[in-house]
Amino acid sequence: RMRARSIFIVERPLSQGKARRFDTYTFDGQRFELLAADSPGGIFSAMAYDEANKRVVLYGGISDNTVRGETHFLSAQGVWSRFDGPAPTPPRSDAGLVYDPRRGQIVLLGGTSQRRLPHINTSEPGDWILGEGGWTELPRSDIVPGGRVGAAVAYHHAAGRLISADGEGKGGPKRFETWAMDSETSAWARVFVRDVPPRSRAPRMVYDHVDKTLLLTGEGYTTDLGVWRFAYLSPT
């Protein structure tokens with residue numbers, strides 16, 4: 001979203017005995033360009049664009065064999081800075097990060113504090129929002145998504161809901177579920193969908209402003225996942 005370009009954090013080829021290193025690239029639809037070398041980052045980090053503050057937010061992940069809980073900002077000038085305010089506890093990787101325009105804030109969903117796969121039985125309760133003073137936990141609910149680790153998350157602008165799909169679940173095998181969070185109450189509700197995509201590794205989801213639907217893709221376990229369209233009908 002910065003200057004109509006996409007932002008990627010790319011891990012360098014791993015050398016034996018050396019720590020993981022990352023660089024930040026931009027992509028304008030035709031070519032990649034190095035934006036910042038030796039960037040913050042880690043495997044299974046979460047990243048989203050903060051529209052209210054015109055910056056990219058990077059949270060968590062695994063680096064140096066440790067689950068990190070740091071938050072970093074990338075300015076429009078391409079400079080990374082670390083935020084040292086209150087952070088979600090415990091630190092987590094594989095969380096969902098998404099901008100909620102109704103709140104005007106970044107929301108962090110789920111994740112795990114475990115540094116090894118598989119993540120089953122290690123999903124973290126609680127969702128968090130990022131304000132000027134730091135991260136604040138949202139009120140917890142007895143009803144939460146079954147898949148809270150590595151789920152695809154996006155904001156459905158037409159419905160005014162945060163949508164979470166797929167992901168690994170606590171206490172059971174990986175399953176595909178779709179959930180919606182009300183931005184005003186922070187309450188989750190299960191969305192029962194008749195036709196669902198196959199389960200996938202690293203699912204990703206974006207909002208299509210033209211068709212007012214969500215698009216989901218990912219790497220399927222047994223077959224190519226392709227692209228799936230989800231037209232959510234808000235109960236309100």
# chains A, B, ... in the order shown; residues from 1 in each chain; ligands from 1
>>> select_by_dssp(residues="chain A", states="strand (DSSP E)", output="NGL selection string")
:A and (6-11 or 22-27 or 32-39 or 46-50 or 55-59 or 62-63 or 66-67 or 71-74 or 80-83 or 96-100 or 105-109 or 127-131 or 134-137 or 147-149 or 152-156 or 161-165 or 168-169 or 178-182 or 188-191 or 200-208 or 213-220 or 227-230)
>>> closest_residue(among="A:Thr178, A:Asn65, A:Ser113, A:Thr136", to="Ala87 of chain A", atoms="only C-alpha atoms")
A:Thr136
>>> residues_around(residues="Arg140 of chain A", least_positions_apart="2", cutoff="8 Å", atoms="only C-alpha atoms", output="ChimeraX atom specification")
/A:125-127,138,142
>>> write_last_selection(atoms="all heavy atoms", output="short mmCIF file (atom, residue, chain, number, x, y, z; two decimals), in the first residue's frame")
data_model
loop_
_atom_site.label_atom_id
_atom_site.label_comp_id
_atom_site.auth_asym_id
_atom_site.auth_seq_id
_atom_site.Cartn_x
_atom_site.Cartn_y
_atom_site.Cartn_z
N PRO A 125 -4.87 -17.73 23.49
CA PRO A 125 -6.14 -17.01 23.58
C PRO A 125 -5.88 -15.51 23.55
O PRO A 125 -4.77 -15.04 23.74
CB PRO A 125 -6.67 -17.45 24.95
CG PRO A 125 -5.43 -17.69 25.75
CD PRO A 125 -4.42 -18.27 24.78
N GLY A 126 -6.91 -14.76 23.31
CA GLY A 126 -6.80 -13.31 23.38
C GLY A 126 -6.40 -12.67 22.07
O GLY A 126 -5.54 -13.17 21.35
N ASP A 127 -7.06 -11.56 21.75
CA ASP A 127 -6.75 -10.75 20.59
C ASP A 127 -6.35 -9.37 21.08
O ASP A 127 -6.78 -8.91 22.14
CB ASP A 127 -7.97 -10.67 19.66
CG ASP A 127 -8.46 -12.05 19.24
OD1 ASP A 127 -7.63 -12.86 18.78
OD2 ASP A 127 -9.66 -12.33 19.38
N LEU A 138 -7.97 -7.18 23.83
CA LEU A 138 -9.41 -7.02 23.71
C LEU A 138 -10.11 -7.92 24.73
O LEU A 138 -9.54 -8.90 25.19
CB LEU A 138 -9.87 -7.39 22.30
CG LEU A 138 -9.39 -6.48 21.17
CD1 LEU A 138 -9.72 -7.10 19.82
CD2 LEU A 138 -10.04 -5.10 21.29
N ASP A 142 -15.79 -16.45 25.38
CA ASP A 142 -15.80 -17.91 25.52
C ASP A 142 -15.86 -18.59 24.15
O ASP A 142 -15.51 -19.76 24.02
CB ASP A 142 -17.00 -18.35 26.36
CG ASP A 142 -16.88 -17.90 27.81
OD1 ASP A 142 -15.74 -17.72 28.27
OD2 ASP A 142 -17.92 -17.73 28.47
#
>>> closest_atom_pairs(of="segment 62-170 of chain A", to="segment 196-203 of chain A", cutoff="12 Å", atoms="only C-alpha atoms", output="CSV")
residue,atom,partner,partner_atom,distance
A:Asp94,CA,A:Ala202,CA,9.1
A:Ala95,CA,A:Ala202,CA,11.2
A:Gly96,CA,A:Pro203,CA,10.8
A:Pro118,CA,A:Arg201,CA,11.8
A:Gly147,CA,A:Arg199,CA,11.2
A:Val149,CA,A:Ala202,CA,9.9
A:Gly150,CA,A:Ala202,CA,6.3
A:Ala151,CA,A:Pro203,CA,6.5
A:Ala152,CA,A:Pro203,CA,5.2
A:Val153,CA,A:Pro203,CA,8.9
A:Ala154,CA,A:Pro203,CA,11.3
A:Ser164,CA,A:Pro203,CA,10.4
A:Ala165,CA,A:Pro203,CA,8.2
A:Asp166,CA,A:Arg199,CA,6.8
A:Gly167,CA,A:Pro203,CA,7.8
A:Glu168,CA,A:Arg199,CA,9.7
>>> write_last_selection(atoms="C-alpha atoms", output="tab-separated table (two decimals), in the first residue's frame")
chain	number	residue	atom	x	y	z
A	94	ASP	CA	1.96	-17.38	13.19
A	95	ALA	CA	-0.48	-14.69	14.35
A	96	GLY	CA	-2.90	-12.84	12.12
A	118	PRO	CA	3.32	-28.63	14.66
A	147	GLY	CA	-8.09	-22.27	14.04
A	149	VAL	CA	-2.49	-20.41	14.38
A	150	GLY	CA	-1.49	-19.48	10.84
A	151	ALA	CA	-5.03	-18.50	9.83
A	152	ALA	CA	-5.84	-16.22	6.92
A	153	VAL	CA	-7.28	-12.92	8.15
A	154	ALA	CA	-8.76	-9.92	6.35
A	164	SER	CA	-10.55	-15.47	9.98
A	165	ALA	CA	-10.36	-18.62	7.88
A	166	ASP	CA	-8.49	-21.93	8.10
A	167	GLY	CA	-5.58	-22.20	10.55
A	168	GLU	CA	-4.58	-24.82	13.10
